[in-house]
$ cat query33.cif   # mmCIF, C-alpha atoms
data_start
loop_
_atom_site.label_atom_id
_atom_site.label_comp_id
_atom_site.auth_asym_id
_atom_site.auth_seq_id
_atom_site.Cartn_x
_atom_site.Cartn_y
_atom_site.Cartn_z
CA MET A 20 72.08 -48.76 -60.80
CA PRO A 21 73.81 -51.98 -59.65
CA ALA A 22 71.55 -55.01 -59.27
CA ARG A 23 72.89 -55.66 -55.75
CA PHE A 24 71.85 -52.16 -54.62
CA LEU A 25 68.38 -52.56 -56.13
CA PHE A 26 67.99 -55.91 -54.37
CA ARG A 27 68.92 -54.39 -50.99
CA MET A 28 66.55 -51.48 -51.55
CA TRP A 29 63.65 -53.79 -52.33
CA VAL A 30 64.42 -55.97 -49.31
CA ALA A 31 64.50 -52.88 -47.04
CA LEU A 32 61.22 -51.62 -48.51
CA GLY A 33 59.63 -55.03 -48.05
CA LEU A 34 60.69 -55.23 -44.41
CA SER A 35 59.36 -51.73 -43.82
CA LEU A 36 55.98 -52.63 -45.32
CA LEU A 37 55.84 -55.80 -43.24
CA ALA A 38 56.46 -53.79 -40.08
CA VAL A 39 53.72 -51.32 -40.98
CA GLY A 40 51.35 -54.19 -41.73
CA ALA A 41 52.16 -55.87 -38.41
CA ARG A 42 51.37 -52.68 -36.50
CA ALA A 43 48.13 -52.23 -38.44
CA GLN A 44 47.09 -55.80 -37.63
CA GLU A 45 48.09 -55.62 -33.96
CA ALA A 46 45.24 -56.73 -31.73
CA PRO A 47 43.51 -53.79 -30.03
CA PHE A 48 43.86 -53.24 -26.30
CA LYS A 49 40.33 -53.93 -25.03
CA VAL A 50 39.00 -51.80 -22.18
CA GLY A 51 35.78 -53.18 -20.71
CA VAL A 52 33.58 -50.71 -18.83
CA ALA A 53 30.72 -51.95 -16.64
CA PRO A 54 27.34 -50.75 -18.01
CA HIS A 55 26.61 -48.06 -15.43
CA THR A 56 25.02 -45.96 -18.19
CA SER A 57 24.07 -46.47 -21.84
CA ALA A 58 26.59 -47.92 -24.30
CA ARG A 59 26.60 -44.65 -26.20
CA GLY A 60 27.22 -42.73 -22.98
CA ILE A 61 30.12 -45.01 -22.05
CA LEU A 62 31.77 -44.64 -25.46
CA GLU A 63 31.50 -40.85 -25.18
CA LEU A 64 32.57 -40.74 -21.54
CA TYR A 65 35.72 -42.82 -22.03
CA SER A 66 36.73 -41.39 -25.42
CA PRO A 67 39.45 -39.10 -23.92
CA LEU A 68 40.98 -42.06 -22.08
CA ARG A 69 40.87 -44.18 -25.24
CA VAL A 70 42.69 -41.53 -27.27
CA HIS A 71 45.31 -41.09 -24.55
CA LEU A 72 45.95 -44.84 -24.19
CA GLU A 73 46.29 -45.29 -27.95
CA LYS A 74 49.07 -42.70 -28.00
CA ALA A 75 50.75 -43.99 -24.83
CA LEU A 76 50.62 -47.69 -25.76
CA GLY A 77 51.15 -47.27 -29.50
CA ARG A 78 48.29 -49.59 -30.42
CA PRO A 79 44.54 -49.41 -31.10
CA VAL A 80 42.29 -49.24 -28.03
CA GLU A 81 38.64 -50.33 -27.96
CA ILE A 82 36.07 -49.33 -25.33
CA LEU A 83 33.60 -52.18 -24.77
CA THR A 84 30.67 -52.81 -22.44
CA ALA A 85 27.86 -55.35 -22.02
CA PRO A 86 24.04 -55.38 -21.87
CA ASP A 87 24.02 -55.72 -18.05
CA PHE A 88 26.33 -56.19 -15.07
CA THR A 89 25.97 -59.97 -14.95
CA GLU A 90 26.92 -60.32 -18.61
CA PHE A 91 29.81 -57.89 -18.09
CA ALA A 92 31.13 -60.07 -15.26
CA ARG A 93 30.75 -63.20 -17.41
CA ARG A 94 32.73 -61.65 -20.27
CA ALA A 95 35.42 -60.36 -17.92
CA VAL A 96 35.82 -63.77 -16.25
CA ALA A 97 36.08 -65.23 -19.77
CA GLN A 98 39.15 -62.97 -20.29
CA GLU A 99 37.52 -60.79 -22.96
CA TYR A 100 39.04 -57.56 -21.59
CA ASP A 101 42.64 -56.44 -21.19
CA LEU A 102 41.58 -53.79 -18.69
CA ALA A 103 38.24 -53.79 -16.86
CA ILE A 104 36.68 -50.78 -15.13
CA THR A 105 33.96 -51.91 -12.77
CA THR A 106 32.65 -51.49 -9.25
CA GLY A 107 34.56 -52.92 -6.31
CA HIS A 108 32.59 -56.14 -5.85
CA GLN A 109 33.16 -57.23 -9.46
CA ALA A 110 36.79 -56.07 -9.25
CA ARG A 111 37.18 -58.38 -6.27
CA LEU A 112 35.53 -61.25 -8.17
CA LEU A 113 37.89 -60.72 -11.11
CA GLU A 114 40.88 -60.56 -8.79
CA VAL A 115 40.01 -63.84 -7.05
CA ASP A 116 38.42 -65.86 -9.86
CA ALA A 117 40.05 -64.56 -13.06
CA ARG A 118 43.55 -63.31 -12.09
CA TYR A 119 43.00 -59.61 -12.81
CA GLY A 120 45.33 -57.30 -10.89
CA PRO A 121 43.82 -54.21 -9.20
CA LEU A 122 45.43 -50.93 -10.31
CA LEU A 123 43.59 -47.86 -9.00
CA THR A 124 40.23 -46.22 -8.34
CA TYR A 125 38.76 -42.70 -8.13
CA LYS A 126 39.14 -40.21 -5.29
CA ALA A 127 35.45 -39.29 -5.25
CA SER A 128 33.25 -41.06 -2.75
CA PHE A 129 31.13 -43.86 -4.22
CA LYS A 130 27.79 -44.47 -2.55
CA SER A 131 24.64 -46.36 -3.40
CA LEU A 132 21.45 -44.31 -3.34
CA VAL A 133 17.77 -45.05 -3.03
CA ILE A 134 16.02 -42.35 -5.06
CA VAL A 135 12.32 -41.54 -5.37
CA ALA A 136 10.17 -38.99 -7.19
CA ALA A 137 10.51 -35.66 -5.42
CA ASN A 138 6.73 -35.12 -5.27
CA GLY A 139 5.73 -38.76 -4.92
CA ARG A 140 4.14 -40.57 -2.00
CA ILE A 141 7.30 -42.38 -0.83
CA ARG A 142 8.51 -40.53 2.28
CA ARG A 143 10.02 -43.31 4.38
CA PRO A 144 11.30 -46.85 3.79
CA GLN A 145 8.09 -48.49 5.01
CA ASP A 146 6.19 -46.80 2.15
CA LEU A 147 7.96 -49.16 -0.26
CA LYS A 148 6.16 -52.22 1.07
CA GLY A 149 4.04 -53.83 -1.64
CA THR A 150 5.64 -51.77 -4.44
CA THR A 151 8.17 -52.44 -7.20
CA VAL A 152 11.59 -50.81 -7.21
CA ILE A 153 14.02 -50.39 -10.12
CA GLY A 154 17.64 -51.56 -10.28
CA LEU A 155 20.48 -52.08 -12.75
CA SER A 156 20.60 -55.93 -12.78
CA GLY A 157 21.16 -58.53 -10.12
CA SER A 158 24.95 -58.15 -10.29
CA SER A 159 25.11 -54.37 -9.91
CA LEU A 160 26.63 -53.19 -6.63
CA VAL A 161 23.99 -50.49 -6.14
CA THR A 162 21.21 -53.02 -6.69
CA LEU A 163 22.76 -55.63 -4.41
CA TRP A 164 23.27 -53.00 -1.70
CA GLY A 165 19.69 -51.81 -2.20
CA GLN A 166 18.27 -55.31 -1.83
CA HIS A 167 20.28 -55.82 1.36
CA TRP A 168 18.94 -52.49 2.62
CA LEU A 169 15.33 -53.50 1.90
CA ARG A 170 15.79 -56.63 3.99
CA ARG A 171 17.43 -54.67 6.81
CA MET A 172 14.39 -52.40 6.82
CA GLY A 173 12.18 -55.43 7.35
CA LEU A 174 10.52 -55.09 3.94
CA GLY A 175 11.29 -58.63 2.82
CA GLU A 176 11.62 -59.43 -0.87
CA VAL A 177 10.37 -56.30 -2.64
CA PRO A 178 10.19 -57.02 -6.41
CA VAL A 179 12.98 -55.40 -8.43
CA ARG A 180 12.60 -54.45 -12.08
CA TYR A 181 15.98 -54.46 -13.83
CA VAL A 182 16.87 -51.88 -16.49
CA SER A 183 20.01 -51.10 -18.46
CA ALA A 184 21.19 -47.71 -17.18
CA ALA A 185 20.88 -45.12 -14.40
CA ASP A 186 19.19 -42.59 -16.67
CA SER A 187 16.53 -45.23 -17.43
CA VAL A 188 15.94 -45.66 -13.68
CA ALA A 189 15.42 -41.90 -13.37
CA GLN A 190 13.03 -41.62 -16.31
CA LEU A 191 10.88 -44.52 -15.10
CA LEU A 192 10.58 -42.96 -11.65
CA LEU A 193 9.57 -39.63 -13.15
CA ARG A 194 6.87 -41.42 -15.19
CA GLY A 195 5.56 -43.15 -12.07
CA GLU A 196 6.56 -46.63 -13.26
CA GLY A 197 8.38 -47.52 -10.05
CA SER A 198 8.33 -46.48 -6.41
CA ALA A 199 12.11 -46.14 -5.93
CA GLY A 200 15.35 -46.77 -7.76
CA PHE A 201 18.89 -47.84 -6.93
CA VAL A 202 21.68 -45.75 -8.51
CA SER A 203 25.18 -44.67 -7.57
CA LEU A 204 26.01 -41.18 -6.33
CA PRO A 205 28.27 -40.48 -9.38
CA ASN A 206 25.52 -41.52 -11.79
CA PHE A 207 22.93 -39.44 -9.94
CA GLN A 208 25.22 -36.42 -10.14
CA HIS A 209 25.66 -37.05 -13.86
CA LEU A 210 21.92 -36.79 -14.59
CA ASP A 211 20.65 -33.64 -16.28
CA PRO A 212 19.80 -30.92 -13.72
CA GLU A 213 16.10 -30.93 -14.62
CA VAL A 214 15.98 -34.71 -14.09
CA GLN A 215 17.75 -34.42 -10.74
CA ALA A 216 15.28 -31.73 -9.69
CA GLY A 217 12.40 -34.19 -10.12
CA LEU A 218 14.02 -36.75 -7.82
CA ARG A 219 14.88 -37.00 -4.14
CA ILE A 220 17.44 -39.12 -2.28
CA LEU A 221 15.61 -41.26 0.25
CA VAL A 222 18.74 -42.87 1.72
CA GLU A 223 22.42 -43.28 0.87
CA SER A 224 24.96 -45.93 1.79
CA ALA A 225 28.25 -45.56 3.56
CA PRO A 226 31.18 -45.19 1.11
CA LEU A 227 31.81 -48.32 -0.98
CA ALA A 228 34.61 -49.36 -3.32
CA GLY A 229 33.61 -47.55 -6.50
CA ARG A 230 34.85 -48.02 -10.03
CA VAL A 231 38.12 -49.92 -9.92
CA TYR A 232 40.60 -50.49 -12.77
CA VAL A 233 41.82 -54.10 -12.92
CA LEU A 234 44.36 -55.49 -15.40
CA ASN A 235 44.14 -58.90 -17.04
CA HIS A 236 46.98 -61.23 -15.99
CA ARG A 237 48.05 -61.65 -19.62
CA ASN A 238 49.14 -58.00 -19.56
CA GLN A 239 51.06 -58.13 -16.29
CA ALA A 240 54.42 -57.80 -18.09
CA GLU A 241 53.25 -54.36 -19.23
CA ARG A 242 51.65 -53.41 -15.93
CA ALA A 243 54.07 -50.57 -15.15
CA ARG A 244 53.64 -49.08 -18.60
CA ILE A 245 49.83 -49.30 -18.54
CA GLU A 246 49.54 -48.00 -14.99
CA GLY A 247 51.95 -45.18 -15.86
CA ALA A 248 49.79 -44.27 -18.84
CA LEU A 249 46.72 -44.01 -16.60
CA TRP A 250 48.46 -41.76 -14.07
CA ALA A 251 49.79 -39.65 -16.96
CA PHE A 252 46.22 -39.25 -18.26
CA ALA A 253 45.26 -37.74 -14.91
CA GLY A 254 47.82 -34.99 -15.50
CA THR A 255 46.59 -34.00 -18.96
CA ALA A 256 44.11 -31.24 -19.71
CA GLU A 257 41.72 -33.87 -21.12
CA GLY A 258 42.08 -35.98 -17.98
CA ARG A 259 41.43 -33.06 -15.65
CA ALA A 260 38.36 -32.08 -17.69
CA TYR A 261 37.11 -35.70 -17.50
CA PHE A 262 37.48 -35.82 -13.72
CA GLU A 263 35.88 -32.41 -13.24
CA LYS A 264 32.93 -33.05 -15.56
CA ASN A 265 32.14 -36.37 -13.88
CA LYS A 266 32.97 -35.24 -10.32
CA LEU A 267 35.51 -38.05 -9.86
CA GLY A 268 38.29 -36.08 -8.20
CA GLY A 269 41.15 -37.91 -9.95
CA TYR A 270 42.76 -41.30 -9.37
CA ARG A 271 43.99 -42.79 -6.10
CA GLN A 272 45.59 -46.01 -4.92
CA LEU A 273 43.33 -48.65 -3.39
CA ARG A 274 43.46 -48.88 0.40
CA ARG A 275 44.54 -52.08 2.14
CA GLY A 276 41.58 -54.46 2.45
CA GLU A 277 39.28 -52.21 0.43
CA LEU A 278 38.42 -54.89 -2.12
CA ARG A 279 38.38 -57.70 0.44
CA ALA A 280 35.46 -55.93 2.11
CA MET A 281 33.51 -56.55 -1.10
CA ASP A 282 33.63 -60.35 -0.70
CA PRO A 283 29.94 -60.77 0.30
CA TYR A 284 28.80 -58.85 -2.79
CA ALA A 285 31.34 -60.64 -5.00
CA GLU A 286 29.90 -63.96 -3.86
CA GLU A 287 26.42 -62.89 -4.99
CA VAL A 288 27.77 -62.10 -8.45
CA ARG A 289 29.46 -65.51 -8.47
CA GLN A 290 26.12 -67.14 -7.66
CA ASN A 291 24.40 -65.14 -10.42
CA LEU A 292 26.98 -66.36 -12.94
CA ARG A 293 26.48 -69.98 -11.86
CA SER A 294 22.71 -69.71 -12.22
CA ARG A 295 22.86 -68.38 -15.78
#
$ encode --input "query33.cif" --output "C-alpha coordinates"
Amino acid sequence: MPARFLFRMWVALGLSLLAVGARAQEAPFKVGVAPHTSARGILELYSPLRVHLEKALGRPVEILTAPDFTEFARRAVAQEYDLAITTGHQARLLEVDARYGPLLTYKASFKSLVIVAANGRIRRPQDLKGTTVIGLSGSSLVTLWGQHWLRRMGLGEVPVRYVSAADSVAQLLLRGEGSAGFVSLPNFQHLDPEVQAGLRILVESAPLAGRVYVLNHRNQAERARIEGALWAFAGTAEGRAYFEKNKLGGYRQLRRGELRAMDPYAEEVRQNLRSR
(Lines of atoms letter the chains of each structure in order from A and count residues from 1; the text may use other names and numbers.)
(Lines give C-alpha, C1' and ligand atoms only; values in the text may rest on other atoms or scores of the structure.)
Protein backbone atom coordinates (compact mmCIF):
# COMPACT_ATOMS: atom_id res chain seq x y z
CA MET A 1 0.00 0.00 0.00
CA PRO A 2 1.54 3.36 -1.02
CA ALA A 3 2.89 5.47 1.82
CA ARG A 4 0.94 8.52 0.59
CA PHE A 5 -2.36 6.60 0.83
CA LEU A 6 -1.53 5.37 4.34
CA PHE A 7 -0.69 8.93 5.39
CA ARG A 8 -4.03 10.25 4.10
CA MET A 9 -5.91 7.42 5.79
CA TRP A 10 -4.28 8.15 9.14
CA VAL A 11 -4.95 11.87 8.79
CA ALA A 12 -8.64 11.19 8.01
CA LEU A 13 -8.90 8.81 10.97
CA GLY A 14 -7.25 11.36 13.24
CA LEU A 15 -9.63 14.12 12.18
CA SER A 16 -12.58 11.80 12.72
CA LEU A 17 -11.42 10.94 16.25
CA LEU A 18 -10.89 14.62 17.02
CA ALA A 19 -14.44 15.39 15.91
CA VAL A 20 -15.84 12.61 18.08
CA GLY A 21 -13.78 13.83 21.02
CA ALA A 22 -14.98 17.40 20.52
CA ARG A 23 -18.61 16.28 20.57
CA ALA A 24 -17.99 14.17 23.68
CA GLN A 25 -16.41 17.16 25.44
CA GLU A 26 -19.07 19.65 24.36
CA ALA A 27 -20.44 21.54 27.33
CA PRO A 28 -23.90 20.33 28.36
CA PHE A 29 -26.95 22.51 27.82
CA LYS A 30 -28.00 23.35 31.39
CA VAL A 31 -31.71 23.55 32.18
CA GLY A 32 -32.40 25.08 35.59
CA VAL A 33 -35.76 24.25 37.18
CA ALA A 34 -37.01 26.21 40.19
CA PRO A 35 -37.32 23.93 43.26
CA HIS A 36 -41.11 23.62 43.35
CA THR A 37 -40.71 20.01 44.51
CA SER A 38 -37.84 17.77 45.61
CA ALA A 39 -34.67 17.52 43.51
CA ARG A 40 -35.42 13.88 42.85
CA GLY A 41 -38.96 14.75 41.76
CA ILE A 42 -37.68 17.45 39.40
CA LEU A 43 -35.15 15.12 37.77
CA GLU A 44 -37.89 12.53 37.22
CA LEU A 45 -40.48 15.07 36.08
CA TYR A 46 -38.25 16.69 33.46
CA SER A 47 -36.53 13.51 32.23
CA PRO A 48 -38.70 13.26 29.06
CA LEU A 49 -37.87 16.87 28.16
CA ARG A 50 -34.17 16.25 28.79
CA VAL A 51 -34.12 13.22 26.48
CA HIS A 52 -36.00 15.12 23.77
CA LEU A 53 -33.70 18.16 23.94
CA GLU A 54 -30.58 15.99 23.78
CA LYS A 55 -31.81 14.49 20.51
CA ALA A 56 -33.02 17.81 19.08
CA LEU A 57 -29.93 19.84 20.02
CA GLY A 58 -27.37 17.08 19.50
CA ARG A 59 -25.61 17.72 22.80
CA PRO A 60 -25.83 16.59 26.43
CA VAL A 61 -28.56 18.21 28.54
CA GLU A 62 -28.48 18.52 32.34
CA ILE A 63 -31.48 19.21 34.58
CA LEU A 64 -30.42 21.29 37.58
CA THR A 65 -32.18 22.90 40.54
CA ALA A 66 -31.27 24.61 43.82
CA PRO A 67 -31.96 24.19 47.55
CA ASP A 68 -34.55 27.01 47.57
CA PHE A 69 -36.07 29.70 45.35
CA THR A 70 -33.73 32.46 46.51
CA GLU A 71 -30.65 30.38 45.73
CA PHE A 72 -32.17 29.39 42.38
CA ALA A 73 -32.61 33.07 41.49
CA ARG A 74 -29.03 33.82 42.58
CA ARG A 75 -27.64 31.05 40.37
CA ALA A 76 -29.78 32.10 37.42
CA VAL A 77 -28.70 35.74 37.73
CA ALA A 78 -25.11 34.46 37.85
CA GLN A 79 -25.72 32.91 34.39
CA GLU A 80 -25.46 29.30 35.57
CA TYR A 81 -28.34 28.11 33.36
CA ASP A 82 -28.80 28.09 29.60
CA LEU A 83 -32.55 27.72 30.01
CA ALA A 84 -34.44 28.48 33.24
CA ILE A 85 -37.94 27.25 34.09
CA THR A 86 -39.36 29.27 36.94
CA THR A 87 -42.45 31.15 38.05
CA GLY A 88 -43.36 34.46 36.44
CA HIS A 89 -41.90 36.80 39.04
CA GLN A 90 -38.44 35.23 38.78
CA ALA A 91 -38.77 35.06 34.99
CA ARG A 92 -39.38 38.80 35.05
CA LEU A 93 -36.36 39.35 37.30
CA LEU A 94 -34.17 37.32 34.94
CA GLU A 95 -35.51 39.20 31.95
CA VAL A 96 -34.77 42.63 33.46
CA ASP A 97 -31.63 41.95 35.50
CA ALA A 98 -29.87 39.08 33.70
CA ARG A 99 -30.84 39.34 30.00
CA TYR A 100 -32.83 36.11 29.76
CA GLY A 101 -35.39 36.07 26.95
CA PRO A 102 -38.92 34.76 27.73
CA LEU A 103 -39.99 31.87 25.47
CA LEU A 104 -43.27 30.28 26.59
CA THR A 105 -45.37 29.06 29.51
CA TYR A 106 -48.08 26.45 30.19
CA LYS A 107 -51.74 26.62 29.23
CA ALA A 108 -52.97 25.45 32.63
CA SER A 109 -53.99 28.11 35.11
CA PHE A 110 -51.41 28.82 37.80
CA LYS A 111 -52.76 29.91 41.16
CA SER A 112 -51.39 30.25 44.67
CA LEU A 113 -53.30 28.35 47.34
CA VAL A 114 -53.62 28.56 51.09
CA ILE A 115 -54.19 24.99 52.25
CA VAL A 116 -55.08 23.66 55.71
CA ALA A 117 -55.76 20.28 57.30
CA ALA A 118 -59.20 19.11 56.22
CA ASN A 119 -60.26 18.28 59.79
CA GLY A 120 -58.29 21.01 61.53
CA ARG A 121 -59.50 24.06 63.42
CA ILE A 122 -58.66 26.62 60.69
CA ARG A 123 -61.98 27.56 59.05
CA ARG A 124 -61.46 31.21 58.14
CA PRO A 125 -58.49 33.54 57.65
CA GLN A 126 -58.82 35.09 61.11
CA ASP A 127 -58.13 31.66 62.66
CA LEU A 128 -54.52 32.00 61.49
CA LYS A 129 -53.78 34.84 63.87
CA GLY A 130 -51.06 33.86 66.34
CA THR A 131 -50.10 30.72 64.40
CA THR A 132 -47.22 29.69 62.12
CA VAL A 133 -47.74 29.00 58.43
CA ILE A 134 -45.49 27.09 56.03
CA GLY A 135 -44.03 28.34 52.75
CA LEU A 136 -41.42 27.46 50.13
CA SER A 137 -38.84 30.24 50.84
CA GLY A 138 -39.00 33.99 50.80
CA SER A 139 -38.53 34.15 47.02
CA SER A 140 -41.27 31.70 46.05
CA LEU A 141 -44.21 33.29 44.24
CA VAL A 142 -46.76 31.29 46.23
CA THR A 143 -45.14 32.34 49.50
CA LEU A 144 -44.86 35.99 48.50
CA TRP A 145 -48.50 36.00 47.38
CA GLY A 146 -49.48 34.28 50.64
CA GLN A 147 -47.68 36.86 52.76
CA HIS A 148 -49.38 39.68 50.84
CA TRP A 149 -52.71 37.92 51.42
CA LEU A 150 -52.09 37.65 55.17
CA ARG A 151 -51.49 41.39 55.35
CA ARG A 152 -54.60 42.12 53.28
CA MET A 153 -56.58 40.04 55.76
CA GLY A 154 -55.33 42.28 58.56
CA LEU A 155 -53.31 39.48 60.17
CA GLY A 156 -50.04 41.40 60.20
CA GLU A 157 -46.74 39.53 60.13
CA VAL A 158 -47.69 35.89 60.71
CA PRO A 159 -44.47 33.83 61.12
CA VAL A 160 -43.61 31.69 58.09
CA ARG A 161 -41.61 28.49 58.33
CA TYR A 162 -39.77 27.80 55.07
CA VAL A 163 -39.37 24.26 53.70
CA SER A 164 -37.93 22.82 50.51
CA ALA A 165 -40.92 21.41 48.60
CA ALA A 166 -44.71 21.38 48.29
CA ASP A 167 -44.97 17.76 49.45
CA SER A 168 -43.10 18.77 52.62
CA VAL A 169 -45.68 21.53 53.22
CA ALA A 170 -48.46 18.96 52.91
CA GLN A 171 -46.86 16.42 55.25
CA LEU A 172 -46.18 19.02 57.94
CA LEU A 173 -49.80 20.19 57.84
CA LEU A 174 -51.04 16.62 58.14
CA ARG A 175 -48.80 16.15 61.20
CA GLY A 176 -50.16 19.31 62.79
CA GLU A 177 -46.84 21.17 62.58
CA GLY A 178 -48.33 24.25 60.93
CA SER A 179 -51.70 25.95 60.68
CA ALA A 180 -51.68 26.57 56.91
CA GLY A 181 -49.40 26.26 53.92
CA PHE A 182 -48.74 28.10 50.67
CA VAL A 183 -48.51 25.92 47.53
CA SER A 184 -49.36 26.29 43.85
CA LEU A 185 -52.43 24.73 42.28
CA PRO A 186 -50.29 22.48 39.98
CA ASN A 187 -48.27 21.20 42.94
CA PHE A 188 -51.41 20.59 44.99
CA GLN A 189 -52.88 18.60 42.11
CA HIS A 190 -49.66 16.60 41.89
CA LEU A 191 -49.89 15.38 45.50
CA ASP A 192 -50.92 11.77 46.10
CA PRO A 193 -54.72 11.42 46.29
CA GLU A 194 -54.65 10.29 49.93
CA VAL A 195 -52.57 13.36 50.85
CA GLN A 196 -54.94 15.67 48.98
CA ALA A 197 -57.88 14.08 50.81
CA GLY A 198 -56.41 15.15 54.15
CA LEU A 199 -56.16 18.79 53.07
CA ARG A 200 -58.57 21.58 52.21
CA ILE A 201 -58.13 24.74 50.12
CA LEU A 202 -58.88 27.73 52.32
CA VAL A 203 -58.40 30.34 49.57
CA GLU A 204 -56.92 30.59 46.09
CA SER A 205 -55.45 33.50 44.16
CA ALA A 206 -56.47 34.91 40.82
CA PRO A 207 -54.45 33.40 37.94
CA LEU A 208 -50.75 34.34 38.04
CA ALA A 209 -47.90 33.91 35.57
CA GLY A 210 -46.90 30.31 36.22
CA ARG A 211 -43.80 28.44 35.18
CA VAL A 212 -42.11 30.35 32.39
CA TYR A 213 -39.24 29.19 30.15
CA VAL A 214 -36.56 31.88 29.73
CA LEU A 215 -33.42 31.57 27.60
CA ASN A 216 -30.00 32.89 28.58
CA HIS A 217 -28.80 35.70 26.28
CA ARG A 218 -25.67 33.70 25.40
CA ASN A 219 -27.94 31.26 23.55
CA GLN A 220 -29.96 33.84 21.64
CA ALA A 221 -28.31 32.87 18.32
CA GLU A 222 -29.92 29.45 18.76
CA ARG A 223 -33.24 30.76 20.04
CA ALA A 224 -35.30 29.59 17.06
CA ARG A 225 -33.80 26.12 17.23
CA ILE A 226 -34.31 25.77 20.99
CA GLU A 227 -37.82 27.18 20.93
CA GLY A 228 -38.65 24.91 17.99
CA ALA A 229 -37.40 21.92 19.96
CA LEU A 230 -39.71 22.81 22.87
CA TRP A 231 -42.77 23.15 20.63
CA ALA A 232 -41.83 19.86 18.94
CA PHE A 233 -41.70 18.18 22.37
CA ALA A 234 -45.31 19.21 22.92
CA GLY A 235 -46.28 17.20 19.84
CA THR A 236 -44.57 13.96 20.89
CA ALA A 237 -46.23 11.10 22.75
CA GLU A 238 -43.85 11.71 25.67
CA GLY A 239 -44.71 15.40 25.71
CA ARG A 240 -48.45 14.79 25.67
CA ALA A 241 -48.08 12.25 28.50
CA TYR A 242 -46.04 14.81 30.49
CA PHE A 243 -48.69 17.52 30.07
CA GLU A 244 -51.54 15.14 30.90
CA LYS A 245 -49.88 13.61 33.97
CA ASN A 246 -49.06 17.03 35.42
CA LYS A 247 -52.29 18.75 34.29
CA LEU A 248 -50.38 21.44 32.40
CA GLY A 249 -52.45 21.55 29.23
CA GLY A 250 -49.51 22.10 26.87
CA TYR A 251 -47.44 25.17 26.00
CA ARG A 252 -48.67 28.63 25.05
CA GLN A 253 -47.17 31.99 24.16
CA LEU A 254 -46.93 34.61 26.89
CA ARG A 255 -49.54 37.36 26.74
CA ARG A 256 -48.55 41.00 26.34
CA GLY A 257 -47.68 42.51 29.73
CA GLU A 258 -48.03 39.18 31.54
CA LEU A 259 -44.53 39.27 33.00
CA ARG A 260 -44.57 43.02 33.59
CA ALA A 261 -47.44 42.45 36.03
CA MET A 262 -44.98 40.44 38.13
CA ASP A 263 -42.75 43.48 38.82
CA PRO A 264 -43.81 43.93 42.50
CA TYR A 265 -42.97 40.28 43.26
CA ALA A 266 -39.76 40.45 41.21
CA GLU A 267 -38.65 43.41 43.30
CA GLU A 268 -39.07 41.37 46.49
CA VAL A 269 -36.83 38.65 45.07
CA ARG A 270 -34.30 41.35 44.15
CA GLN A 271 -34.36 42.59 47.75
CA ASN A 272 -33.92 39.03 49.06
CA LEU A 273 -30.85 38.58 46.85
CA ARG A 274 -29.35 41.86 48.09
CA SER A 275 -29.85 40.87 51.71
CA ARG A 276 -28.08 37.53 51.36
$ resolve_selection --input "query33.cif" --expression "the PyMOL selection byres ((chain A and resi 191) around 12)" --output "PyMOL selection string"
chain A and resi 134-136+151-154+180-190+192-201+214+217-218
$ closest_residue --input "query33.cif" --among "A:Leu62, A:Leu227, A:Leu123, A:Ala53" --to "Leu249 of chain A" --atoms "all atoms listed in the file"
A:Leu123
$ closest_residue --input "query33.cif" --among "A:Gly51, A:Pro144, A:Pro79, A:Gly258" --to "Val231 of chain A" --atoms "all atoms listed in the file"
A:Gly51
$ atom_distance --input "query33.cif" --atom1 "atom CA of Ala95 of chain A" --atom2 "atom CA of Ala240 of chain A"
19.2 Å
$ residues_near_point --input "query33.cif" --point "(45.4, -57.2, -21.6)" --cutoff "8 Å" --atoms "only C-alpha atoms" --output "PyMOL selection string"
chain A and resi 48-49+100-102+234-239
$ build_atoms --input "query33.cif" --residues "segment 54-71 of chain A" --atoms "N, CA, C and O atoms" --output "tab-separated table (two decimals), in the frame of the given file"
chain	number	residue	atom	x	y	z
A	54	PRO	N	28.42	-51.55	-17.41
A	54	PRO	CA	27.34	-50.75	-18.01
A	54	PRO	C	26.57	-49.90	-17.00
A	54	PRO	O	25.37	-50.09	-16.78
A	55	HIS	N	27.26	-48.93	-16.40
A	55	HIS	CA	26.61	-48.06	-15.43
A	55	HIS	C	25.74	-47.01	-16.11
A	55	HIS	O	24.93	-46.34	-15.45
A	56	THR	N	25.89	-46.82	-17.41
A	56	THR	CA	25.02	-45.96	-18.19
A	56	THR	C	24.90	-46.58	-19.58
A	56	THR	O	25.37	-47.70	-19.81
A	57	SER	N	24.29	-45.89	-20.52
A	57	SER	CA	24.07	-46.47	-21.84
A	57	SER	C	25.40	-46.72	-22.56
A	57	SER	O	26.42	-46.10	-22.26
A	58	ALA	N	25.37	-47.62	-23.53
A	58	ALA	CA	26.59	-47.92	-24.30
A	58	ALA	C	27.11	-46.67	-24.99
A	58	ALA	O	28.31	-46.41	-25.02
A	59	ARG	N	26.19	-45.90	-25.54
A	59	ARG	CA	26.60	-44.65	-26.20
A	59	ARG	C	27.24	-43.69	-25.21
A	59	ARG	O	28.26	-43.06	-25.50
A	60	GLY	N	26.66	-43.60	-24.01
A	60	GLY	CA	27.22	-42.73	-22.98
A	60	GLY	C	28.60	-43.17	-22.55
A	60	GLY	O	29.49	-42.33	-22.31
A	61	ILE	N	28.81	-44.49	-22.45
A	61	ILE	CA	30.12	-45.01	-22.05
A	61	ILE	C	31.16	-44.72	-23.12
A	61	ILE	O	32.29	-44.29	-22.80
A	62	LEU	N	30.82	-44.92	-24.38
A	62	LEU	CA	31.77	-44.64	-25.46
A	62	LEU	C	32.18	-43.17	-25.45
A	62	LEU	O	33.35	-42.83	-25.64
A	63	GLU	N	31.21	-42.29	-25.23
A	63	GLU	CA	31.50	-40.85	-25.18
A	63	GLU	C	32.32	-40.50	-23.95
A	63	GLU	O	33.30	-39.75	-24.01
A	64	LEU	N	31.93	-41.06	-22.81
A	64	LEU	CA	32.57	-40.74	-21.54
A	64	LEU	C	34.05	-41.14	-21.53
A	64	LEU	O	34.90	-40.40	-21.02
A	65	TYR	N	34.36	-42.30	-22.09
A	65	TYR	CA	35.72	-42.82	-22.03
A	65	TYR	C	36.53	-42.54	-23.30
A	65	TYR	O	37.65	-43.03	-23.44
A	66	SER	N	35.99	-41.73	-24.20
A	66	SER	CA	36.73	-41.39	-25.42
A	66	SER	C	38.06	-40.70	-25.13
A	66	SER	O	39.09	-41.05	-25.75
A	67	PRO	N	38.14	-39.72	-24.20
A	67	PRO	CA	39.45	-39.10	-23.92
A	67	PRO	C	40.48	-40.11	-23.42
A	67	PRO	O	41.66	-40.04	-23.80
A	68	LEU	N	40.06	-41.05	-22.57
A	68	LEU	CA	40.98	-42.06	-22.08
A	68	LEU	C	41.44	-42.97	-23.22
A	68	LEU	O	42.62	-43.32	-23.31
A	69	ARG	N	40.52	-43.32	-24.10
A	69	ARG	CA	40.87	-44.18	-25.24
A	69	ARG	C	41.94	-43.52	-26.10
A	69	ARG	O	42.96	-44.15	-26.45
A	70	VAL	N	41.73	-42.26	-26.43
A	70	VAL	CA	42.69	-41.53	-27.27
A	70	VAL	C	44.06	-41.47	-26.59
A	70	VAL	O	45.10	-41.69	-27.22
A	71	HIS	N	44.05	-41.18	-25.29
A	71	HIS	CA	45.31	-41.09	-24.55
A	71	HIS	C	46.04	-42.44	-24.53
A	71	HIS	O	47.26	-42.50	-24.76
